[in-house]
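So this one's query_32.pdb, PDB, C-alpha atoms:
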MODEL        1
ATOM      1  CA  MET A1011      13.473 -57.029 -52.469  1.00  0.00           C
ATOM      2  CA  GLU A1012      10.740 -55.492 -50.312  1.00  0.00           C
ATOM      3  CA  PRO A1013       7.199 -55.286 -51.799  1.00  0.00           C
ATOM      4  CA  HIS A1014       6.980 -51.477 -51.634  1.00  0.00           C
ATOM      5  CA  LEU A1015      10.271 -51.138 -53.569  1.00  0.00           C
ATOM      6  CA  ILE A1016       9.040 -53.580 -56.215  1.00  0.00           C
ATOM      7  CA  ARG A1017       5.808 -51.558 -56.648  1.00  0.00           C
ATOM      8  CA  THR A1018       7.759 -48.278 -56.849  1.00  0.00           C
ATOM      9  CA  ARG A1019      10.184 -49.699 -59.416  1.00  0.00           C
ATOM     10  CA  ALA A1020       7.282 -51.137 -61.476  1.00  0.00           C
ATOM     11  CA  ALA A1021       5.458 -47.778 -61.390  1.00  0.00           C
ATOM     12  CA  LEU A1022       8.588 -45.933 -62.531  1.00  0.00           C
ATOM     13  CA  THR A1023       9.125 -48.440 -65.346  1.00  0.00           C
ATOM     14  CA  VAL A1024       5.537 -48.019 -66.576  1.00  0.00           C
ATOM     15  CA  ALA A1025       5.849 -44.206 -66.400  1.00  0.00           C
ATOM     16  CA  GLY A1026       9.087 -44.347 -68.371  1.00  0.00           C
ATOM     17  CA  LEU A1027       7.508 -46.508 -71.066  1.00  0.00           C
ATOM     18  CA  LEU A1028       4.539 -44.139 -71.364  1.00  0.00           C
ATOM     19  CA  LEU A1029       6.821 -41.132 -71.684  1.00  0.00           C
ATOM     20  CA  ALA A1030       8.917 -42.903 -74.302  1.00  0.00           C
ATOM     21  CA  ALA A1031       5.812 -43.769 -76.332  1.00  0.00           C
ATOM     22  CA  ALA A1032       4.319 -40.244 -76.250  1.00  0.00           C
ATOM     23  CA  PRO A1033       6.613 -38.690 -78.894  1.00  0.00           C
ATOM     24  CA  THR A1034       5.840 -41.566 -81.242  1.00  0.00           C
ATOM     25  CA  ALA A1035       2.098 -41.010 -80.819  1.00  0.00           C
ATOM     26  CA  TYR A1036       2.431 -37.290 -81.473  1.00  0.00           C
ATOM     27  CA  ALA A1037       4.668 -37.915 -84.484  1.00  0.00           C
ATOM     28  CA  GLY A1038       1.957 -40.122 -85.948  1.00  0.00           C
ATOM     29  CA  LEU A1039      -0.575 -37.306 -85.564  1.00  0.00           C
ATOM     30  CA  ALA A1040       1.761 -34.830 -87.262  1.00  0.00           C
ATOM     31  CA  GLU A1041       2.269 -37.209 -90.185  1.00  0.00           C
ATOM     32  CA  ALA A1042      -1.487 -37.633 -90.576  1.00  0.00           C
ATOM     33  CA  ASP A1043      -1.984 -33.845 -90.579  1.00  0.00           C
ATOM     34  CA  SER A1044       0.690 -33.336 -93.244  1.00  0.00           C
ATOM     35  CA  ALA A1045      -1.112 -35.790 -95.558  1.00  0.00           C
ATOM     36  CA  ALA A1046      -4.143 -33.465 -95.750  1.00  0.00           C
ATOM     37  CA  PRO A1047      -4.112 -31.252 -98.836  1.00  0.00           C
ATOM     38  CA  GLU A1048      -3.171 -27.646 -98.180  1.00  0.00           C
ATOM     39  CA  ARG A1049      -5.882 -25.336 -99.445  1.00  0.00           C
ATOM     40  CA  GLY A1050      -6.051 -21.623 -99.988  1.00  0.00           C
ATOM     41  CA  ALA A1051      -3.554 -18.831-100.147  1.00  0.00           C
ATOM     42  CA  PRO A1052      -1.466 -17.430 -97.278  1.00  0.00           C
ATOM     43  CA  TYR A1053      -3.433 -14.748 -95.451  1.00  0.00           C
ATOM     44  CA  ILE A1054      -3.315 -12.903 -92.165  1.00  0.00           C
ATOM     45  CA  GLU A1055      -6.384 -12.865 -89.929  1.00  0.00           C
ATOM     46  CA  THR A1056      -6.594  -9.842 -87.665  1.00  0.00           C
ATOM     47  CA  GLN A1057      -9.154  -9.628 -84.889  1.00  0.00           C
ATOM     48  CA  LEU A1058      -9.821  -6.256 -83.280  1.00  0.00           C
ATOM     49  CA  PHE A1059     -11.795  -5.936 -80.046  1.00  0.00           C
ATOM     50  CA  PHE A1060     -13.641  -2.670 -79.470  1.00  0.00           C
ATOM     51  CA  GLY A1061     -15.116  -1.807 -76.079  1.00  0.00           C
ATOM     52  CA  THR A1062     -18.158   0.450 -75.819  1.00  0.00           C
ATOM     53  CA  GLU A1063     -18.015   1.883 -72.280  1.00  0.00           C
ATOM     54  CA  ARG A1064     -16.319   5.261 -72.027  1.00  0.00           C
ATOM     55  CA  PRO A1065     -13.725   5.680 -69.267  1.00  0.00           C
ATOM     56  CA  ASP A1066     -14.933   9.248 -68.626  1.00  0.00           C
ATOM     57  CA  GLY A1067     -18.417   7.950 -67.790  1.00  0.00           C
ATOM     58  CA  GLY A1068     -20.021   9.270 -70.969  1.00  0.00           C
ATOM     59  CA  PRO A1069     -22.680   7.342 -72.868  1.00  0.00           C
ATOM     60  CA  ALA A1070     -21.676   3.960 -74.278  1.00  0.00           C
ATOM     61  CA  VAL A1071     -20.947   3.629 -77.987  1.00  0.00           C
ATOM     62  CA  THR A1072     -24.188   2.624 -79.736  1.00  0.00           C
ATOM     63  CA  ASP A1073     -24.639   0.081 -82.542  1.00  0.00           C
ATOM     64  CA  ALA A1074     -25.337   2.950 -84.959  1.00  0.00           C
ATOM     65  CA  GLN A1075     -22.168   4.789 -83.916  1.00  0.00           C
ATOM     66  CA  PHE A1076     -20.042   1.677 -84.240  1.00  0.00           C
ATOM     67  CA  MET A1077     -21.423   0.751 -87.661  1.00  0.00           C
ATOM     68  CA  ALA A1078     -20.917   4.346 -88.851  1.00  0.00           C
ATOM     69  CA  PHE A1079     -17.304   4.044 -87.669  1.00  0.00           C
ATOM     70  CA  VAL A1080     -16.899   0.795 -89.628  1.00  0.00           C
ATOM     71  CA  ASP A1081     -18.423   2.426 -92.726  1.00  0.00           C
ATOM     72  CA  THR A1082     -16.157   5.490 -92.610  1.00  0.00           C
ATOM     73  CA  GLU A1083     -12.905   4.173 -91.112  1.00  0.00           C
ATOM     74  CA  VAL A1084     -12.687   0.442 -91.897  1.00  0.00           C
ATOM     75  CA  THR A1085     -14.548  -0.290 -95.125  1.00  0.00           C
ATOM     76  CA  PRO A1086     -12.572   2.214 -97.246  1.00  0.00           C
ATOM     77  CA  GLU A1087      -9.312   0.536 -96.135  1.00  0.00           C
ATOM     78  CA  PHE A1088     -10.611  -3.064 -96.388  1.00  0.00           C
ATOM     79  CA  PRO A1089     -13.273  -3.005 -99.116  1.00  0.00           C
ATOM     80  CA  ASP A1090     -12.898  -6.732 -99.931  1.00  0.00           C
ATOM     81  CA  GLY A1091     -14.823  -7.717 -96.818  1.00  0.00           C
ATOM     82  CA  LEU A1092     -14.886  -7.992 -93.059  1.00  0.00           C
ATOM     83  CA  THR A1093     -16.937  -9.510 -90.262  1.00  0.00           C
ATOM     84  CA  VAL A1094     -18.385  -7.765 -87.210  1.00  0.00           C
ATOM     85  CA  GLN A1095     -19.610  -9.753 -84.214  1.00  0.00           C
ATOM     86  CA  ARG A1096     -21.241  -8.460 -81.058  1.00  0.00           C
ATOM     87  CA  GLY A1097     -19.921  -9.660 -77.750  1.00  0.00           C
ATOM     88  CA  ARG A1098     -19.539  -9.166 -74.030  1.00  0.00           C
ATOM     89  CA  GLY A1099     -16.041  -8.612 -72.798  1.00  0.00           C
ATOM     90  CA  GLN A1100     -13.985  -7.613 -69.836  1.00  0.00           C
ATOM     91  CA  TRP A1101     -10.519  -6.282 -69.253  1.00  0.00           C
ATOM     92  CA  ARG A1102      -8.486  -4.601 -66.529  1.00  0.00           C
ATOM     93  CA  ASP A1103      -8.132  -0.865 -67.186  1.00  0.00           C
ATOM     94  CA  VAL A1104      -5.061   1.253 -66.400  1.00  0.00           C
ATOM     95  CA  SER A1105      -6.325   1.953 -62.871  1.00  0.00           C
ATOM     96  CA  GLY A1106      -6.694  -1.783 -62.163  1.00  0.00           C
ATOM     97  CA  VAL A1107     -10.501  -1.912 -62.344  1.00  0.00           C
ATOM     98  CA  ILE A1108     -12.046  -4.864 -64.191  1.00  0.00           C
ATOM     99  CA  GLU A1109     -14.444  -3.385 -66.730  1.00  0.00           C
ATOM    100  CA  LYS A1110     -17.277  -5.525 -68.125  1.00  0.00           C
ATOM    101  CA  GLU A1111     -18.899  -4.163 -71.242  1.00  0.00           C
ATOM    102  CA  ARG A1112     -20.697  -4.750 -74.499  1.00  0.00           C
ATOM    103  CA  SER A1113     -18.112  -5.043 -77.252  1.00  0.00           C
ATOM    104  CA  TYR A1114     -17.513  -5.717 -80.926  1.00  0.00           C
ATOM    105  CA  GLU A1115     -15.097  -8.078 -82.624  1.00  0.00           C
ATOM    106  CA  LEU A1116     -13.971  -7.037 -86.098  1.00  0.00           C
ATOM    107  CA  ILE A1117     -12.326  -9.748 -88.215  1.00  0.00           C
ATOM    108  CA  LEU A1118     -10.202  -8.835 -91.228  1.00  0.00           C
ATOM    109  CA  LEU A1119      -8.603 -11.271 -93.698  1.00  0.00           C
ATOM    110  CA  TYR A1120      -5.954  -9.994 -96.090  1.00  0.00           C
ATOM    111  CA  PRO A1121      -3.208 -11.549 -98.207  1.00  0.00           C
ATOM    112  CA  ALA A1122       0.072 -12.089 -96.354  1.00  0.00           C
ATOM    113  CA  ALA A1123       1.814 -10.232 -99.193  1.00  0.00           C
ATOM    114  CA  ARG A1124      -0.086  -7.076 -98.140  1.00  0.00           C
ATOM    115  CA  ALA A1125       0.677  -7.448 -94.415  1.00  0.00           C
ATOM    116  CA  ALA A1126       2.936  -4.378 -94.106  1.00  0.00           C
ATOM    117  CA  ALA A1127       0.476  -2.009 -95.771  1.00  0.00           C
ATOM    118  CA  SER A1128      -2.466  -3.543 -93.892  1.00  0.00           C
ATOM    119  CA  ASP A1129      -0.631  -3.208 -90.583  1.00  0.00           C
ATOM    120  CA  ARG A1130      -0.371   0.567 -91.022  1.00  0.00           C
ATOM    121  CA  LYS A1131      -4.075   0.816 -91.888  1.00  0.00           C
ATOM    122  CA  ILE A1132      -5.100  -1.315 -88.902  1.00  0.00           C
ATOM    123  CA  GLU A1133      -3.064   0.798 -86.506  1.00  0.00           C
ATOM    124  CA  GLU A1134      -4.746   3.931 -87.917  1.00  0.00           C
ATOM    125  CA  ILE A1135      -8.170   2.322 -87.328  1.00  0.00           C
ATOM    126  CA  ARG A1136      -7.278   1.461 -83.727  1.00  0.00           C
ATOM    127  CA  ARG A1137      -6.078   5.007 -82.976  1.00  0.00           C
ATOM    128  CA  ALA A1138      -9.128   6.541 -84.684  1.00  0.00           C
ATOM    129  CA  TYR A1139     -11.525   4.497 -82.501  1.00  0.00           C
ATOM    130  CA  GLU A1140      -9.626   5.315 -79.319  1.00  0.00           C
ATOM    131  CA  LYS A1141      -9.737   9.014 -80.168  1.00  0.00           C
ATOM    132  CA  ALA A1142     -13.354   9.120 -81.391  1.00  0.00           C
ATOM    133  CA  PHE A1143     -14.793   7.238 -78.415  1.00  0.00           C
ATOM    134  CA  GLY A1144     -12.333   8.029 -75.604  1.00  0.00           C
ATOM    135  CA  GLN A1145     -11.054   4.457 -75.299  1.00  0.00           C
ATOM    136  CA  GLU A1146      -7.841   3.398 -73.538  1.00  0.00           C
ATOM    137  CA  ALA A1147      -7.133   0.651 -76.073  1.00  0.00           C
ATOM    138  CA  VAL A1148      -8.385  -1.523 -78.908  1.00  0.00           C
ATOM    139  CA  ALA A1149      -7.066  -5.085 -78.560  1.00  0.00           C
ATOM    140  CA  ARG A1150      -5.494  -6.753 -81.602  1.00  0.00           C
ATOM    141  CA  VAL A1151      -4.742 -10.406 -82.413  1.00  0.00           C
ATOM    142  CA  ASP A1152      -2.960 -11.494 -85.620  1.00  0.00           C
ATOM    143  CA  GLU A1153      -2.668 -15.066 -86.903  1.00  0.00           C
ATOM    144  CA  ARG A1154      -1.429 -16.665 -90.100  1.00  0.00           C
ATOM    145  CA  ALA A1155      -4.123 -18.518 -92.027  1.00  0.00           C
ATOM    146  CA  ARG A1156      -4.762 -20.268 -95.324  1.00  0.00           C
ATOM    147  CA  VAL A1157      -7.837 -18.871 -97.014  1.00  0.00           C
ATOM    148  CA  ASP A1158      -9.829 -20.125 -99.981  1.00  0.00           C
ATOM    149  CA  PHE A1159     -12.822 -18.225-101.353  1.00  0.00           C
TER
ENDMDL
END
Starting from the file, give its structure as structure tokens.
Amino acid sequence: MEPHLIRTRAALTVAGLLLAAAPTAYAGLAEADSAAPERGAPYIETQLFFGTERPDGGPAVTDAQFMAFVDTEVTPEFPDGLTVQRGRGQWRDVSGVIEKERSYELILLYPAARAAASDRKIEEIRRAYEKAFGQEAVARVDERARVDF
């Protein structure tokens, strides 16, 4: 057999062995993860992202305005706690322009058993912010979590 064919066949054999071994390696990782004790109760973590620039060119939402919004619209619906973080974000608006702006991330944790009722409240908060500050959207991310306090 010619040398280049031998090298090609050897390379394919090695690649096949590596691919065959990969599922075994990943299975070992999954088994190790399942051995860890599961802590906490089932919760949902919702992250909301609030922009501060107004599409109509009006003044940006201030820290005081945002915190007043949290106090009046969010805290009454989620009195057990929340987290607010300042950030810098960007997104493409409906006209295709990439907007870069100061933003806020609001993190809510609530029991999975209350997900349906919390969903309604969160959607009301999103619409209230859009209306109050002339925003096109408030982004939302939901993830399942295990939480222990």
#### Entry: Near-Val1148 of chain A list (6 Å; all atoms listed in the file; drop same-chain fewer than 4 positions) as a count of residues only
3
### Task
Would you mind listing what lies within 12 Å of segment 1065-1069 of chain A as a list in words, with all atoms listed in the file counted and same-chain residues fewer than 3 positions away left out?
Gly1061, Thr1062, Thr1072, Gln1075, Arg1102, Asp1103, Val1104, Ser1105, Val1107, Ile1108, Glu1109, Lys1110, Glu1111, Glu1140, Phe1143, Gly1144, Gln1145, Glu1146 and Ala1147 of chain A
### Message
From the options A:Phe1076, A:Ser1113, A:Val1071, A:Ser1128, which residue's atoms come nearest to Phe1088 of chain A, counting only C-alpha atoms?
### Response
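When distances to Phe1088 of chain A are compared using only C-alpha atoms, the smallest one comes from A:Ser1128.
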### Task
Taking the file as shown, find all residues satisfying the PyMOL selection byres ((chain A and resi 1135) around 10) and write them as a PyMOL selection string.
chain A and resi 1058+1079-1080+1083-1084+1087+1129-1134+1136-1141+1148
Leaving out segment 1118-1127 of chain A and any residue of its chain fewer than 6 positions from it, which residues lie within 7 Å of it when counting all atoms listed in the file, given as an mmCIF file with C-alpha atoms, keeping the file's coordinate frame?
data_model
loop_
_atom_site.group_PDB
_atom_site.id
_atom_site.type_symbol
_atom_site.label_atom_id
_atom_site.label_comp_id
_atom_site.auth_asym_id
_atom_site.auth_seq_id
_atom_site.Cartn_x
_atom_site.Cartn_y
_atom_site.Cartn_z
ATOM 1 C CA PRO A 1052 -1.466 -17.430 -97.278
ATOM 2 C CA TYR A 1053 -3.433 -14.748 -95.451
ATOM 3 C CA ILE A 1054 -3.315 -12.903 -92.165
ATOM 4 C CA GLU A 1055 -6.384 -12.865 -89.929
ATOM 5 C CA THR A 1056 -6.594 -9.842 -87.665
ATOM 6 C CA GLN A 1057 -9.154 -9.628 -84.889
ATOM 7 C CA LEU A 1092 -14.886 -7.992 -93.059
ATOM 8 C CA THR A 1093 -16.937 -9.510 -90.262
#
Coordinates of box centre and edge lengths for segment 1078-1086 of chain A, 4 Å on every side, axis-aligned, as lines of an AutoDock Vina configuration file:
center_x = -16.7
center_y = 2.6
center_z = -92.5
size_x = 16.3
size_y = 13.8
size_z = 17.6
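Pairwise distance (atom CA of Ala1070 of chain A, atom CA of Asp1152 of chain A) equals 26.8 Å.
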### Message
So, with all atoms listed in the file as the atoms that count, which of A:Arg1156, A:Val1151, A:Thr1085, A:Asp1073 lies closest to Arg1112 of chain A?
### Response
A:Asp1073
#### Entry: Residues selected by the PyMOL selection byres ((chain A and resi 1157) around 6), written as a list in words
Gly1050, Ala1051, Arg1156 and Asp1158 of chain A
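For the pair atom CA of Met1077 of chain A and atom CA of Glu1115 of chain A, the interatomic distance is 12.0 Å.
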### Query
atom CA of Ala1074 of chain A to atom CA of Trp1101 of chain A: how many Å, to one decimal?
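That distance, rounded to one decimal, is 23.5 Å.
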### Message
When you count all atoms listed in the file, which of these residues is closest to Ile1117 of chain A: A:Ala1149, A:Ala1142, A:Ala1078, A:Ala1045?
### Response
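Selected residue with least distance to Ile1117 of chain A: A:Ala1149.
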Give me segment 1048-1069 of chain A from this structure - N, CA and C atoms, as a PDB file, in the first residue's frame.
ATOM      1  N   GLU A1048     -28.425  17.333  45.670  1.00  0.00           N
ATOM      2  CA  GLU A1048     -29.283  18.367  45.112  1.00  0.00           C
ATOM      3  C   GLU A1048     -29.779  19.236  46.255  1.00  0.00           C
ATOM      4  N   ARG A1049     -29.534  20.501  46.178  1.00  0.00           N
ATOM      5  CA  ARG A1049     -29.907  21.421  47.250  1.00  0.00           C
ATOM      6  C   ARG A1049     -31.000  22.350  46.773  1.00  0.00           C
ATOM      7  N   GLY A1050     -31.750  22.859  47.724  1.00  0.00           N
ATOM      8  CA  GLY A1050     -32.729  23.891  47.443  1.00  0.00           C
ATOM      9  C   GLY A1050     -34.022  23.374  46.861  1.00  0.00           C
ATOM     10  N   ALA A1051     -34.927  24.316  46.696  1.00  0.00           N
ATOM     11  CA  ALA A1051     -36.249  24.030  46.160  1.00  0.00           C
ATOM     12  C   ALA A1051     -36.319  24.490  44.705  1.00  0.00           C
ATOM     13  N   PRO A1052     -37.254  23.933  43.927  1.00  0.00           N
ATOM     14  CA  PRO A1052     -37.376  24.359  42.529  1.00  0.00           C
ATOM     15  C   PRO A1052     -37.923  25.785  42.435  1.00  0.00           C
ATOM     16  N   TYR A1053     -37.179  26.616  41.763  1.00  0.00           N
ATOM     17  CA  TYR A1053     -37.527  28.024  41.561  1.00  0.00           C
ATOM     18  C   TYR A1053     -37.415  28.370  40.082  1.00  0.00           C
ATOM     19  N   ILE A1054     -37.925  29.514  39.733  1.00  0.00           N
ATOM     20  CA  ILE A1054     -37.701  30.113  38.426  1.00  0.00           C
ATOM     21  C   ILE A1054     -36.900  31.389  38.662  1.00  0.00           C
ATOM     22  N   GLU A1055     -35.889  31.605  37.846  1.00  0.00           N
ATOM     23  CA  GLU A1055     -35.139  32.858  37.862  1.00  0.00           C
ATOM     24  C   GLU A1055     -35.513  33.624  36.606  1.00  0.00           C
ATOM     25  N   THR A1056     -36.033  34.818  36.791  1.00  0.00           N
ATOM     26  CA  THR A1056     -36.374  35.679  35.664  1.00  0.00           C
ATOM     27  C   THR A1056     -35.453  36.885  35.684  1.00  0.00           C
ATOM     28  N   GLN A1057     -34.846  37.160  34.550  1.00  0.00           N
ATOM     29  CA  GLN A1057     -34.026  38.348  34.373  1.00  0.00           C
ATOM     30  C   GLN A1057     -34.769  39.266  33.409  1.00  0.00           C
ATOM     31  N   LEU A1058     -34.902  40.523  33.800  1.00  0.00           N
ATOM     32  CA  LEU A1058     -35.503  41.533  32.930  1.00  0.00           C
ATOM     33  C   LEU A1058     -34.437  42.578  32.630  1.00  0.00           C
ATOM     34  N   PHE A1059     -34.383  43.023  31.388  1.00  0.00           N
ATOM     35  CA  PHE A1059     -33.393  44.003  30.954  1.00  0.00           C
ATOM     36  C   PHE A1059     -34.116  45.268  30.498  1.00  0.00           C
ATOM     37  N   PHE A1060     -33.846  46.358  31.205  1.00  0.00           N
ATOM     38  CA  PHE A1060     -34.513  47.629  30.975  1.00  0.00           C
ATOM     39  C   PHE A1060     -33.533  48.629  30.373  1.00  0.00           C
ATOM     40  N   GLY A1061     -33.830  49.116  29.180  1.00  0.00           N
ATOM     41  CA  GLY A1061     -33.023  50.169  28.578  1.00  0.00           C
ATOM     42  C   GLY A1061     -33.423  51.517  29.155  1.00  0.00           C
ATOM     43  N   THR A1062     -32.573  52.517  28.960  1.00  0.00           N
ATOM     44  CA  THR A1062     -32.845  53.841  29.527  1.00  0.00           C
ATOM     45  C   THR A1062     -32.976  54.937  28.475  1.00  0.00           C
ATOM     46  N   GLU A1063     -32.516  54.686  27.251  1.00  0.00           N
ATOM     47  CA  GLU A1063     -32.636  55.704  26.199  1.00  0.00           C
ATOM     48  C   GLU A1063     -34.065  55.664  25.658  1.00  0.00           C
ATOM     49  N   ARG A1064     -34.604  56.828  25.386  1.00  0.00           N
ATOM     50  CA  ARG A1064     -35.973  56.901  24.864  1.00  0.00           C
ATOM     51  C   ARG A1064     -35.942  57.012  23.344  1.00  0.00           C
ATOM     52  N   PRO A1065     -36.709  56.168  22.658  1.00  0.00           N
ATOM     53  CA  PRO A1065     -36.711  56.191  21.193  1.00  0.00           C
ATOM     54  C   PRO A1065     -37.128  57.542  20.602  1.00  0.00           C
ATOM     55  N   ASP A1066     -37.933  58.306  21.344  1.00  0.00           N
ATOM     56  CA  ASP A1066     -38.390  59.604  20.834  1.00  0.00           C
ATOM     57  C   ASP A1066     -37.355  60.708  21.049  1.00  0.00           C
ATOM     58  N   GLY A1067     -36.193  60.354  21.612  1.00  0.00           N
ATOM     59  CA  GLY A1067     -35.144  61.338  21.827  1.00  0.00           C
ATOM     60  C   GLY A1067     -35.262  62.100  23.132  1.00  0.00           C
ATOM     61  N   GLY A1068     -36.238  61.770  23.953  1.00  0.00           N
ATOM     62  CA  GLY A1068     -36.399  62.431  25.241  1.00  0.00           C
ATOM     63  C   GLY A1068     -35.265  62.083  26.180  1.00  0.00           C
ATOM     64  N   PRO A1069     -35.278  62.673  27.376  1.00  0.00           N
ATOM     65  CA  PRO A1069     -34.195  62.408  28.330  1.00  0.00           C
ATOM     66  C   PRO A1069     -34.188  60.950  28.788  1.00  0.00           C
TER      67      PRO A1069
END
